[in-house]
$ cat structure.cif   # mmCIF, C-alpha atoms
data_work
#
loop_
_atom_site.label_atom_id
_atom_site.label_comp_id
_atom_site.auth_asym_id
_atom_site.auth_seq_id
_atom_site.Cartn_x
_atom_site.Cartn_y
_atom_site.Cartn_z
CA MET X 1 -14.95 -19.77 -70.15
CA PRO X 2 -16.97 -20.46 -66.98
CA LYS X 3 -13.86 -22.05 -65.52
CA THR X 4 -11.84 -18.85 -66.20
CA LYS X 5 -14.57 -16.71 -64.55
CA SER X 6 -14.47 -18.91 -61.47
CA LEU X 7 -10.71 -18.60 -61.30
CA ILE X 8 -10.94 -14.80 -61.58
CA ARG X 9 -13.63 -14.71 -58.87
CA PHE X 10 -11.51 -16.98 -56.64
CA GLY X 11 -8.45 -14.78 -57.20
CA ALA X 12 -10.44 -11.66 -56.34
CA HIS X 13 -11.59 -13.27 -53.09
CA ILE X 14 -8.01 -14.16 -52.20
CA VAL X 15 -6.88 -10.56 -52.85
CA ILE X 16 -9.75 -9.11 -50.77
CA LEU X 17 -9.07 -11.57 -47.95
CA SER X 18 -5.34 -10.81 -48.00
CA VAL X 19 -5.92 -7.07 -47.93
CA SER X 20 -8.39 -7.50 -45.04
CA LEU X 21 -6.00 -9.69 -43.08
CA PHE X 22 -3.12 -7.29 -43.71
CA GLY X 23 -5.31 -4.37 -42.57
CA MET X 24 -6.29 -6.24 -39.40
CA LEU X 25 -2.64 -7.03 -38.73
CA LEU X 26 -1.63 -3.38 -39.16
CA SER X 27 -4.51 -2.28 -36.98
CA SER X 28 -3.59 -4.69 -34.16
CA ILE X 29 0.06 -3.63 -34.33
CA ALA X 30 -0.97 0.02 -34.14
CA THR X 31 -3.31 -0.63 -31.18
CA ALA X 32 -0.66 -2.61 -29.31
CA ALA X 33 1.85 0.17 -29.97
CA GLU X 34 -0.49 2.70 -28.36
CA ARG X 35 -0.59 0.73 -25.12
CA PRO X 36 1.85 2.00 -22.53
CA ASP X 37 3.80 -0.38 -20.32
CA PHE X 38 3.03 0.33 -16.66
CA THR X 39 5.54 -2.28 -15.47
CA GLY X 40 7.81 -1.12 -12.66
CA ALA X 41 7.84 0.34 -9.17
CA TRP X 42 5.79 3.43 -8.33
CA THR X 43 5.33 5.61 -5.27
CA THR X 44 2.81 8.27 -4.40
CA TYR X 45 3.14 11.36 -6.58
CA ARG X 46 4.68 14.36 -4.87
CA GLY X 47 5.24 16.63 -7.81
CA ASN X 48 2.73 19.07 -6.46
CA PRO X 49 1.40 18.31 -2.95
CA GLY X 50 -1.73 20.39 -3.52
CA ALA X 51 -2.72 18.65 -6.73
CA ALA X 52 -5.55 16.19 -7.04
CA GLY X 53 -4.21 12.76 -6.17
CA GLY X 54 -1.23 14.32 -4.43
CA PRO X 55 -0.08 13.14 -1.03
CA SER X 56 -1.63 15.88 1.08
CA ARG X 57 -5.19 15.23 0.09
CA PHE X 58 -7.41 13.35 2.53
CA MET X 59 -9.91 11.91 0.13
CA GLY X 60 -11.95 10.01 2.69
CA ALA X 61 -13.48 13.29 3.79
CA GLU X 62 -15.26 13.56 0.45
CA LEU X 63 -17.40 10.48 0.94
CA LYS X 64 -21.11 11.19 1.21
CA LEU X 65 -22.50 8.24 3.15
CA THR X 66 -26.15 7.22 3.39
CA PRO X 67 -27.64 7.14 6.92
CA GLN X 68 -27.30 3.33 6.93
CA ALA X 69 -23.59 3.59 6.10
CA GLU X 70 -23.03 6.41 8.57
CA LYS X 71 -24.47 4.31 11.38
CA ALA X 72 -22.29 1.32 10.46
CA ARG X 73 -19.24 3.55 10.28
CA GLN X 74 -19.93 5.25 13.63
CA ASP X 75 -20.53 1.88 15.32
CA PHE X 76 -17.10 0.75 14.14
CA ILE X 77 -15.43 3.96 15.27
CA SER X 78 -17.07 3.73 18.69
CA ILE X 79 -15.46 0.34 19.38
CA THR X 80 -12.02 1.01 17.92
CA GLU X 81 -11.17 4.70 18.37
CA GLY X 82 -8.21 5.22 20.68
CA THR X 83 -7.41 1.50 20.76
CA ASN X 84 -4.84 -0.69 19.06
CA HIS X 85 -7.57 -2.48 17.15
CA GLY X 86 -7.41 -2.04 13.39
CA ALA X 87 -7.25 -4.10 10.23
CA GLY X 88 -3.65 -3.16 9.54
CA ASN X 89 -2.56 -4.02 13.05
CA SER X 90 -4.04 -7.47 12.45
CA CYS X 91 -2.01 -7.71 9.23
CA VAL X 92 -5.09 -7.29 7.04
CA GLY X 93 -4.68 -5.15 3.94
CA GLY X 94 -6.84 -2.14 3.17
CA GLY X 95 -8.91 -3.62 0.33
CA MET X 96 -10.31 -1.55 -2.50
CA PRO X 97 -10.37 1.35 -2.88
CA GLY X 98 -8.01 1.88 0.09
CA SER X 99 -5.27 -0.32 -1.35
CA MET X 100 -5.16 1.77 -4.51
CA LEU X 101 -5.85 5.24 -3.06
CA GLY X 102 -3.75 5.02 0.07
CA SER X 103 -1.78 1.94 1.01
CA GLY X 104 -0.10 4.04 3.68
CA GLY X 105 2.10 5.77 1.18
CA TYR X 106 4.06 2.57 0.58
CA PRO X 107 5.30 1.88 -2.96
CA MET X 108 3.66 -0.53 -5.37
CA GLU X 109 4.87 -2.64 -8.27
CA ILE X 110 3.08 -3.33 -11.54
CA ILE X 111 3.83 -6.33 -13.74
CA GLN X 112 2.11 -6.14 -17.09
CA ARG X 113 1.37 -9.06 -19.38
CA PRO X 114 -0.93 -8.84 -22.42
CA GLU X 115 -3.60 -10.95 -20.73
CA GLN X 116 -3.13 -9.86 -17.11
CA VAL X 117 -1.84 -6.90 -15.12
CA PHE X 118 -0.61 -7.53 -11.57
CA VAL X 119 -0.48 -4.77 -8.98
CA ILE X 120 1.49 -5.56 -5.82
CA TYR X 121 1.07 -3.02 -3.04
CA GLU X 122 4.03 -3.26 -0.67
CA ALA X 123 1.90 -2.68 2.45
CA HIS X 124 0.53 -6.08 3.45
CA THR X 125 1.63 -7.43 0.06
CA GLU X 126 -1.85 -6.88 -1.28
CA ILE X 127 -2.08 -8.27 -4.80
CA ARG X 128 -4.65 -7.29 -7.40
CA ARG X 129 -4.98 -8.98 -10.77
CA PHE X 130 -6.65 -7.29 -13.71
CA TYR X 131 -7.83 -10.00 -16.12
CA ILE X 132 -7.92 -8.91 -19.76
CA GLY X 133 -9.84 -10.40 -22.70
CA ASP X 134 -10.38 -14.16 -22.53
CA GLU X 135 -8.61 -14.30 -19.16
CA ALA X 136 -11.54 -12.51 -17.55
CA GLU X 137 -14.20 -14.79 -16.13
CA ASN X 138 -17.67 -14.13 -14.82
CA PRO X 139 -17.10 -12.19 -11.56
CA ASP X 140 -20.21 -13.81 -10.06
CA SER X 141 -18.39 -17.13 -9.94
CA PHE X 142 -15.93 -15.78 -7.36
CA PHE X 143 -16.37 -15.25 -3.64
CA PRO X 144 -16.37 -11.61 -2.54
CA GLU X 145 -13.01 -10.31 -1.28
CA ARG X 146 -11.64 -7.06 0.11
CA ASN X 147 -10.04 -6.25 -3.25
CA GLY X 148 -12.90 -7.72 -5.28
CA TYR X 149 -12.53 -9.25 -8.75
CA SER X 150 -11.18 -7.05 -11.54
CA THR X 151 -11.56 -7.30 -15.29
CA ALA X 152 -9.89 -4.88 -17.70
CA HIS X 153 -9.74 -3.77 -21.31
CA TRP X 154 -7.79 -1.21 -23.30
CA GLU X 155 -9.34 1.89 -24.81
CA GLY X 156 -6.47 3.33 -26.85
CA ASP X 157 -3.66 4.08 -24.41
CA ARG X 158 -5.88 3.77 -21.33
CA LEU X 159 -6.49 0.66 -19.26
CA ILE X 160 -10.04 0.49 -17.97
CA VAL X 161 -10.49 -1.68 -14.89
CA GLU X 162 -13.86 -2.72 -13.50
CA THR X 163 -13.97 -4.16 -9.98
CA THR X 164 -16.92 -5.90 -8.37
CA ARG X 165 -17.43 -8.73 -5.82
CA LEU X 166 -16.30 -6.46 -2.97
CA LYS X 167 -17.07 -7.22 0.67
CA THR X 168 -18.89 -4.78 2.90
CA GLN X 169 -16.18 -2.82 4.74
CA VAL X 170 -16.50 -0.44 7.67
CA ASP X 171 -12.80 -0.73 8.63
CA SER X 172 -11.65 1.36 5.68
CA ARG X 173 -11.11 5.06 5.15
CA TYR X 174 -13.49 4.47 2.23
CA PRO X 175 -16.36 2.44 3.70
CA HIS X 176 -18.68 0.70 1.25
CA SER X 177 -21.27 -2.06 1.02
CA ASN X 178 -20.99 -5.28 -0.97
CA GLN X 179 -23.01 -3.56 -3.70
CA ALA X 180 -20.12 -1.23 -4.51
CA SER X 181 -18.42 -1.28 -7.88
CA ILE X 182 -15.28 0.59 -8.89
CA ARG X 183 -14.12 1.83 -12.27
CA GLU X 184 -10.48 2.83 -12.68
CA GLU X 185 -8.90 4.36 -15.77
CA TYR X 186 -5.09 4.10 -15.83
CA TYR X 187 -2.93 6.27 -18.09
CA ILE X 188 0.51 7.83 -18.31
CA ASP X 189 0.27 11.48 -17.25
CA GLU X 190 2.57 14.48 -17.73
CA PRO X 191 6.07 13.67 -16.42
CA LEU X 192 7.75 15.57 -13.62
CA ALA X 193 10.12 18.41 -14.53
CA ASP X 194 13.10 16.02 -14.32
CA GLY X 195 11.44 13.59 -16.72
CA THR X 196 10.25 11.10 -14.08
CA ARG X 197 7.26 9.14 -15.41
CA VAL X 198 3.88 9.75 -13.80
CA LEU X 199 1.06 7.22 -13.70
CA ALA X 200 -2.49 8.37 -13.03
CA ALA X 201 -5.80 6.64 -12.44
CA ASP X 202 -9.24 8.21 -12.38
CA LEU X 203 -11.47 6.34 -9.97
CA ILE X 204 -15.23 6.22 -9.62
CA MET X 205 -16.82 4.14 -6.85
CA THR X 206 -20.58 3.75 -6.96
CA ASP X 207 -22.61 2.13 -4.22
CA SER X 208 -26.38 2.43 -4.27
CA LEU X 209 -26.64 1.26 -0.64
CA TRP X 210 -23.93 3.23 1.13
CA LEU X 211 -23.04 6.24 -1.00
CA GLU X 212 -25.34 9.21 -1.60
CA GLU X 213 -23.22 10.00 -4.63
CA PRO X 214 -20.26 8.26 -6.29
CA LEU X 215 -16.75 8.80 -4.97
CA VAL X 216 -14.84 10.43 -7.82
CA THR X 217 -11.14 11.08 -7.52
CA THR X 218 -7.75 10.80 -9.23
CA LYS X 219 -4.64 9.14 -7.85
CA ARG X 220 -1.13 9.75 -9.19
CA TRP X 221 2.14 7.93 -8.71
CA GLN X 222 5.69 8.72 -9.77
CA ALA X 223 8.09 6.09 -11.06
CA LEU X 224 10.90 4.59 -8.98
CA PRO X 225 13.17 3.26 -11.74
CA ASP X 226 15.21 0.17 -10.78
CA TYR X 227 13.71 0.19 -7.28
CA HIS X 228 12.89 -3.09 -5.55
CA VAL X 229 9.62 -3.15 -3.66
CA LEU X 230 10.14 -4.93 -0.32
CA THR X 231 8.37 -7.97 1.01
CA TYR X 232 6.02 -7.19 3.90
CA GLU X 233 6.14 -9.93 6.50
CA CYS X 234 3.47 -9.15 9.05
CA SER X 235 1.76 -12.19 10.52
CA GLU X 236 4.89 -14.16 11.48
CA PRO X 237 5.29 -12.47 14.90
CA VAL X 238 1.81 -13.64 15.87
CA TRP X 239 2.80 -17.24 15.10
CA LEU X 240 6.15 -16.84 16.90
CA ASP X 241 4.35 -15.62 20.03
CA GLU X 242 2.05 -18.64 19.81
CA MET X 243 5.02 -21.00 19.43
CA GLU X 244 6.82 -19.36 22.33
CA MET X 245 3.80 -19.92 24.54
CA LEU X 246 3.53 -23.60 23.52
CA TYR X 247 7.24 -24.24 24.15
CA GLU X 248 7.06 -22.45 27.49
CA GLU X 249 4.06 -24.52 28.58
CA ALA X 250 5.87 -27.71 27.58
CA GLY X 251 9.06 -26.64 29.35
CA LEU X 252 11.02 -26.95 26.10
CA GLU X 253 13.52 -24.64 24.51
CA MET X 254 12.39 -22.84 21.40
CA VAL X 255 15.18 -22.61 18.85
CA GLN X 256 13.28 -21.01 16.00
CA GLU X 257 14.05 -17.31 15.48
CA MET G 1 21.49 -0.67 -2.27
CA LYS G 2 22.36 2.41 -4.30
CA ASN G 3 18.83 2.73 -5.61
CA PHE G 4 17.41 1.93 -2.20
CA ILE G 5 19.14 4.97 -0.70
CA LYS G 6 18.39 7.09 -3.73
CA TYR G 7 14.66 6.65 -3.36
CA THR G 8 14.49 6.64 0.41
CA ALA G 9 13.97 10.40 0.47
CA VAL G 10 11.16 10.20 -2.07
CA ILE G 11 9.25 7.55 -0.18
CA ALA G 12 10.01 8.94 3.28
CA THR G 13 8.66 12.33 2.25
CA THR G 14 5.60 10.68 0.83
CA LEU G 15 5.02 8.86 4.10
CA LEU G 16 5.23 12.12 6.03
CA PHE G 17 2.39 13.47 3.95
CA SER G 18 0.28 10.37 3.95
CA ALA G 19 -0.19 9.60 7.63
CA SER G 20 2.02 6.53 7.57
CA LEU G 21 0.31 5.02 10.59
CA TYR G 22 -2.77 4.94 8.38
CA ALA G 23 -5.21 2.19 9.13
CA HIS G 24 -3.04 0.07 11.40
CA HIS G 25 -4.68 1.54 14.47
CA SER G 26 -5.47 4.85 16.08
CA ALA G 27 -2.38 6.91 16.90
CA ALA G 28 -4.32 9.23 19.16
CA GLN G 29 -2.43 8.07 22.26
CA PHE G 30 0.87 9.44 20.94
CA ASP G 31 1.78 13.13 21.10
CA PHE G 32 3.48 13.68 17.75
CA GLY G 33 3.84 17.39 18.51
CA ASN G 34 6.38 16.52 21.19
CA THR G 35 9.86 15.06 20.92
CA VAL G 36 11.52 13.17 23.76
CA LEU G 37 14.91 11.45 23.69
CA VAL G 38 15.22 8.25 25.71
CA GLU G 39 18.37 6.23 26.38
CA GLY G 40 18.17 2.64 27.54
CA LYS G 41 19.50 -0.90 27.37
CA VAL G 42 17.88 -3.10 24.74
CA MET G 43 16.02 -5.92 26.49
CA GLU G 44 14.02 -7.09 23.47
CA VAL G 45 13.60 -5.92 19.90
CA ARG G 46 11.42 -7.11 17.10
CA PHE G 47 11.68 -5.36 13.77
CA ALA G 48 8.34 -6.28 12.32
CA ASN G 49 5.42 -5.07 10.29
CA PRO G 50 3.21 -3.27 10.85
CA HIS G 51 5.20 -1.88 13.80
CA LEU G 52 8.52 -2.10 15.59
CA ARG G 53 8.39 -3.49 19.14
CA LEU G 54 11.23 -2.39 21.40
CA ILE G 55 11.67 -2.96 25.12
CA LEU G 56 14.32 -0.82 26.83
CA GLU G 57 15.55 -0.85 30.40
CA VAL G 58 15.36 2.80 31.34
CA THR G 59 16.47 4.58 34.49
CA ASP G 60 15.45 8.06 35.58
CA ASP G 61 15.14 9.98 38.85
CA ALA G 62 11.37 10.14 38.80
CA ARG G 63 10.53 6.46 38.39
CA GLY G 64 13.76 4.54 38.88
CA THR G 65 14.74 1.57 36.71
CA ARG G 66 12.11 -0.35 34.75
CA ASP G 67 11.44 -1.97 31.37
CA ILE G 68 9.44 0.16 28.96
CA GLU G 69 7.82 -1.08 25.78
CA PHE G 70 7.84 1.20 22.74
CA GLU G 71 6.19 0.97 19.35
CA GLY G 72 7.63 2.33 16.12
CA HIS G 73 7.56 2.49 12.35
CA SER G 74 7.20 -0.66 10.27
CA ARG G 75 10.32 -2.66 9.45
CA ASN G 76 9.94 -1.69 5.79
CA ASN G 77 9.86 2.03 6.53
CA MET G 78 12.74 1.79 9.00
CA ARG G 79 14.70 -0.12 6.36
CA ARG G 80 14.21 2.81 4.01
CA GLN G 81 15.37 5.13 6.79
CA GLY G 82 18.64 3.24 7.15
CA LEU G 83 17.92 0.16 9.25
CA MET G 84 20.27 -2.73 8.49
CA PRO G 85 20.22 -6.23 9.99
CA ASP G 86 22.32 -6.65 13.15
CA MET G 87 22.92 -2.93 13.71
CA PHE G 88 22.55 -3.59 17.43
CA ILE G 89 21.73 -6.48 19.71
CA GLU G 90 20.11 -7.09 23.06
CA GLY G 91 22.24 -5.60 25.83
CA ASP G 92 23.38 -2.63 23.73
CA THR G 93 22.51 0.89 24.85
CA VAL G 94 20.60 2.90 22.27
CA THR G 95 19.03 6.34 22.11
CA ILE G 96 15.57 6.69 20.68
CA ARG G 97 13.51 9.66 19.67
CA ILE G 98 9.86 9.21 20.55
CA ALA G 99 6.48 10.81 20.41
CA PRO G 100 5.51 10.31 24.07
CA MET G 101 2.21 9.06 25.43
CA ARG G 102 -0.36 11.82 25.81
CA ASN G 103 -1.39 10.53 29.24
CA GLY G 104 2.16 10.81 30.61
CA GLU G 105 2.62 7.07 31.05
CA ASP G 106 5.78 5.24 30.02
CA GLY G 107 6.09 4.32 26.34
CA GLY G 108 5.72 6.13 23.05
CA TYR G 109 6.17 5.91 19.32
CA VAL G 110 9.75 5.58 18.08
CA THR G 111 10.46 7.93 15.18
CA ALA G 112 14.26 7.58 15.12
CA LEU G 113 17.01 5.51 16.73
CA ARG G 114 20.79 5.84 17.30
CA THR G 115 22.94 2.74 17.77
CA PRO G 116 25.96 2.43 20.11
CA SER G 117 28.29 3.08 17.15
CA GLY G 118 26.45 6.27 16.23
CA GLU G 119 24.53 4.95 13.22
CA GLU G 120 21.08 6.50 12.89
CA ILE G 121 17.76 5.25 11.64
CA GLY G 122 15.94 8.47 10.87
CA ARG G 123 17.14 11.61 12.65
CA VAL G 124 17.51 11.27 16.40
CA SER G 125 18.53 14.86 16.98
CA GLY G 126 17.73 17.99 15.02
CA ALA G 127 14.89 20.41 14.65
CA ASP G 128 11.35 19.10 14.20
#

$ encode --input "structure.cif" --output "structure tokens"
Amino acid sequence: MPKTKSLIRFGAHIVILSVSLFGMLLSSIATAAERPDFTGAWTTYRGNPGAAGGPSRFMGAELKLTPQAEKARQDFISITEGTNHGAGNSCVGGGMPGSMLGSGGYPMEIIQRPEQVFVIYEAHTEIRRFYIGDEAENPDSFFPERNGYSTAHWEGDRLIVETTRLKTQVDSRYPHSNQASIREEYYIDEPLADGTRVLAADLIMTDSLWLEEPLVTTKRWQALPDYHVLTYECSEPVWLDEMEMLYEEAGLEMVQE
Amino acid sequence: MKNFIKYTAVIATTLLFSASLYAHHSAAQFDFGNTVLVEGKVMEVRFANPHLRLILEVTDDARGTRDIEFEGHSRNNMRRQGLMPDMFIEGDTVTIRIAPMRNGEDGGYVTALRTPSGEEIGRVSGAD
């Protein structure tokens, strides 16, 4: 009799476990199904030029800088205004949030994998990687960069991206200190009238040192189906000029194009 | 190629609205409210990013014959406007549409270009 009871109890456990596992499986399938695929080429939204995130909006004007930031910004302007000096002219990409909010109106490409989302901005071939789940490491173990270090997770059909480890930047339309952090929320928005897909991202940049209040804005893109984003070779001419000078000094003929 | 052309208009329009010179450097020295056509012999050309570099031998009554260096859109944007490799070579005569220098000096920002065979990158002529 005790043996039969044990068998019944064991069987019940198996049934409960199976039901639980089946439920978890269904739940994960449902969650994965909710997640949109952002993969593809996108360009700045022009469905309605006056709309938030549309192309005619100059969002940099909305920044409320602290006196410390304002001084740093004005110092930079005083040495570069009216000159050819600029990050882009030196083949340096905008960095966040400029790469995401502006990027000169150039297209971008997204490649989405379950554990990582890549964003390639055509201008300066700036690449951002959003690490998801176990792929994400402790941001503090990485050196600060212009685009920072980004981790991400899904909340239903929205991809939430948190970016930290940013460098202090005065050479951006969106100046910030190295204390800045950026939260982006990506989602598929209402399509254009012709059915073209629209991607949107709500952005909040906080910076206790340089911003009086967070920068809050929304950026939209429209899909470019089957479009190939171009490579952006920028620094090669600088090297070619250097080579030309060396060959000239040596009295040799330079054959490289 | 088909898709490239198809989306050129979309991206080009976007660039018009988004200050395509953006953070490369200040564009204050160029008068974008003005349009000037310049014809000259190509002495040197470098289709590059972030900007085109073009040196033309230009002759006019006021200043005679001299080499003038111009700047222009990035190679990527000119590609979307119709630029193809080997459309013209050094020694060819081309016509360019520029935003001239505000201070009246030689030079300017190339916004469109017509090759010897009449192919256009952007619109050389036409209303602003």

$ resolve_selection --input "structure.cif" --expression "the PyMOL selection byres ((chain G and resi 54-62) around 8)" --output "number ranges by chain"
G: 38-46, 52-53, 63-72

$ resolve_selection --input "structure.cif" --expression "the PyMOL selection byres ((chain X and resi 68) around 12)" --output "JSON list (two decimals) with C-alpha atoms, in the coordinates of the input"
[["chain", "number", "residue", "atom", "x", "y", "z"],
["X", 64, "LYS", "CA", -21.11, 11.19, 1.21],
["X", 65, "LEU", "CA", -22.50, 8.24, 3.15],
["X", 66, "THR", "CA", -26.15, 7.22, 3.39],
["X", 67, "PRO", "CA", -27.64, 7.14, 6.92],
["X", 69, "ALA", "CA", -23.59, 3.59, 6.10],
["X", 70, "GLU", "CA", -23.03, 6.41, 8.57],
["X", 71, "LYS", "CA", -24.47, 4.31, 11.38],
["X", 72, "ALA", "CA", -22.29, 1.32, 10.46],
["X", 73, "ARG", "CA", -19.24, 3.55, 10.28],
["X", 74, "GLN", "CA", -19.93, 5.25, 13.63],
["X", 75, "ASP", "CA", -20.53, 1.88, 15.32],
["X", 170, "VAL", "CA", -16.50, -0.44, 7.67],
["X", 175, "PRO", "CA", -16.36, 2.44, 3.70],
["X", 176, "HIS", "CA", -18.68, 0.70, 1.25],
["X", 177, "SER", "CA", -21.27, -2.06, 1.02],
["X", 208, "SER", "CA", -26.38, 2.43, -4.27],
["X", 209, "LEU", "CA", -26.64, 1.26, -0.64],
["X", 210, "TRP", "CA", -23.93, 3.23, 1.13],
["X", 211, "LEU", "CA", -23.04, 6.24, -1.00],
["X", 212, "GLU", "CA", -25.34, 9.21, -1.60]]

$ resolve_selection --input "structure.cif" --expression "the PyMOL selection byres ((chain X) within 7 of (chain G))" --output "mmCIF file with C-alpha atoms, in the frame of the given file"
data_model
loop_
_atom_site.group_PDB
_atom_site.id
_atom_site.type_symbol
_atom_site.label_atom_id
_atom_site.label_comp_id
_atom_site.auth_asym_id
_atom_site.auth_seq_id
_atom_site.Cartn_x
_atom_site.Cartn_y
_atom_site.Cartn_z
ATOM 1 C CA THR X 43 5.330 5.610 -5.270
ATOM 2 C CA THR X 44 2.810 8.270 -4.400
ATOM 3 C CA ARG X 46 4.680 14.360 -4.870
ATOM 4 C CA PRO X 55 -0.080 13.140 -1.030
ATOM 5 C CA SER X 56 -1.630 15.880 1.080
ATOM 6 C CA GLU X 81 -11.170 4.700 18.370
ATOM 7 C CA GLY X 82 -8.210 5.220 20.680
ATOM 8 C CA THR X 83 -7.410 1.500 20.760
ATOM 9 C CA ASN X 84 -4.840 -0.690 19.060
ATOM 10 C CA HIS X 85 -7.570 -2.480 17.150
ATOM 11 C CA GLY X 86 -7.410 -2.040 13.390
ATOM 12 C CA ALA X 87 -7.250 -4.100 10.230
ATOM 13 C CA GLY X 88 -3.650 -3.160 9.540
ATOM 14 C CA ASN X 89 -2.560 -4.020 13.050
ATOM 15 C CA GLY X 104 -0.100 4.040 3.680
ATOM 16 C CA GLY X 105 2.100 5.770 1.180
ATOM 17 C CA ASP X 226 15.210 0.170 -10.780
ATOM 18 C CA TYR X 227 13.710 0.190 -7.280
ATOM 19 C CA LEU X 230 10.140 -4.930 -0.320
ATOM 20 C CA TYR X 232 6.020 -7.190 3.900
ATOM 21 C CA GLU X 233 6.140 -9.930 6.500
ATOM 22 C CA CYS X 234 3.470 -9.150 9.050
#

$ axis_aligned_box --input "structure.cif" --around "stretch 77-85 of chain X" --padding-each-side "6 Å" --output "AutoDock Vina command-line options"
--center_x -11.0 --center_y 1.4 --center_z 18.0 --size_x 24.2 --size_y 19.7 --size_z 17.5

$ residues_near_point --input "structure.cif" --point "(4.4, 6.4, -11.2)" --cutoff "9 Å" --atoms "only C-alpha atoms" --output "mmCIF file with C-alpha atoms, in the frame of the given file"
data_model
loop_
_atom_site.group_PDB
_atom_site.id
_atom_site.type_symbol
_atom_site.label_atom_id
_atom_site.label_comp_id
_atom_site.auth_asym_id
_atom_site.auth_seq_id
_atom_site.Cartn_x
_atom_site.Cartn_y
_atom_site.Cartn_z
ATOM 1 C CA PHE X 38 3.030 0.330 -16.660
ATOM 2 C CA GLY X 40 7.810 -1.120 -12.660
ATOM 3 C CA ALA X 41 7.840 0.340 -9.170
ATOM 4 C CA TRP X 42 5.790 3.430 -8.330
ATOM 5 C CA THR X 43 5.330 5.610 -5.270
ATOM 6 C CA THR X 44 2.810 8.270 -4.400
ATOM 7 C CA TYR X 45 3.140 11.360 -6.580
ATOM 8 C CA ILE X 188 0.510 7.830 -18.310
ATOM 9 C CA ASP X 189 0.270 11.480 -17.250
ATOM 10 C CA THR X 196 10.250 11.100 -14.080
ATOM 11 C CA ARG X 197 7.260 9.140 -15.410
ATOM 12 C CA VAL X 198 3.880 9.750 -13.800
ATOM 13 C CA LEU X 199 1.060 7.220 -13.700
ATOM 14 C CA ALA X 200 -2.490 8.370 -13.030
ATOM 15 C CA ARG X 220 -1.130 9.750 -9.190
ATOM 16 C CA TRP X 221 2.140 7.930 -8.710
ATOM 17 C CA GLN X 222 5.690 8.720 -9.770
ATOM 18 C CA ALA X 223 8.090 6.090 -11.060
ATOM 19 C CA LEU X 224 10.900 4.590 -8.980
#

$ residues_around --input "structure.cif" --residues "X:Ser99" --least-positions-apart "5" --cutoff "9 Å" --atoms "only C-alpha atoms" --output "list in words"
Gly93, Gly94, Gly104, Tyr121, Ala123, Glu126 and Asn147 of chain X

$ atom_distance --input "structure.cif" --atom1 "atom CA of X:Tyr186" --atom2 "atom CA of X:Arg158"
5.6 Å

$ atom_distance --input "structure.cif" --atom1 "atom CA of X:Ala180" --atom2 "atom CA of X:Asp202"
16.4 Å

$ decode --input "structure.cif" --residues "stretch 38-50 of chain G" --atoms "N, CA and C atoms" --output "compact mmCIF listing (two decimals), in the first residue's frame"
# COMPACT_ATOMS: atom_id res chain seq x y z
N VAL G 38 29.64 77.09 -62.54
CA VAL G 38 31.05 77.25 -62.89
C VAL G 38 31.44 76.13 -63.85
N GLU G 39 32.15 76.52 -64.93
CA GLU G 39 32.65 75.50 -65.86
C GLU G 39 34.17 75.49 -65.77
N GLY G 40 34.75 74.31 -65.80
CA GLY G 40 36.21 74.25 -65.71
C GLY G 40 36.75 72.88 -66.06
N LYS G 41 38.07 72.84 -66.24
CA LYS G 41 38.74 71.57 -66.56
C LYS G 41 39.13 70.89 -65.26
N VAL G 42 38.84 69.59 -65.18
CA VAL G 42 39.13 68.84 -63.95
C VAL G 42 40.63 68.63 -63.82
N MET G 43 41.22 69.19 -62.78
CA MET G 43 42.65 69.01 -62.51
C MET G 43 42.86 67.89 -61.49
N GLU G 44 41.93 67.79 -60.56
CA GLU G 44 42.03 66.74 -59.53
C GLU G 44 40.64 66.52 -58.94
N VAL G 45 40.31 65.27 -58.70
CA VAL G 45 39.03 64.98 -58.06
C VAL G 45 39.20 63.83 -57.08
N ARG G 46 38.57 64.00 -55.95
CA ARG G 46 38.58 62.91 -54.96
C ARG G 46 37.17 62.78 -54.40
N PHE G 47 36.50 61.73 -54.84
CA PHE G 47 35.18 61.45 -54.27
C PHE G 47 35.40 60.75 -52.95
N ALA G 48 35.15 61.46 -51.89
CA ALA G 48 35.47 60.91 -50.57
C ALA G 48 34.40 61.30 -49.57
N ASN G 49 34.49 60.69 -48.41
CA ASN G 49 33.68 61.09 -47.27
C ASN G 49 34.62 61.77 -46.27
N PRO G 50 34.24 62.78 -45.57
CA PRO G 50 32.87 63.30 -45.56
C PRO G 50 32.55 64.26 -46.70
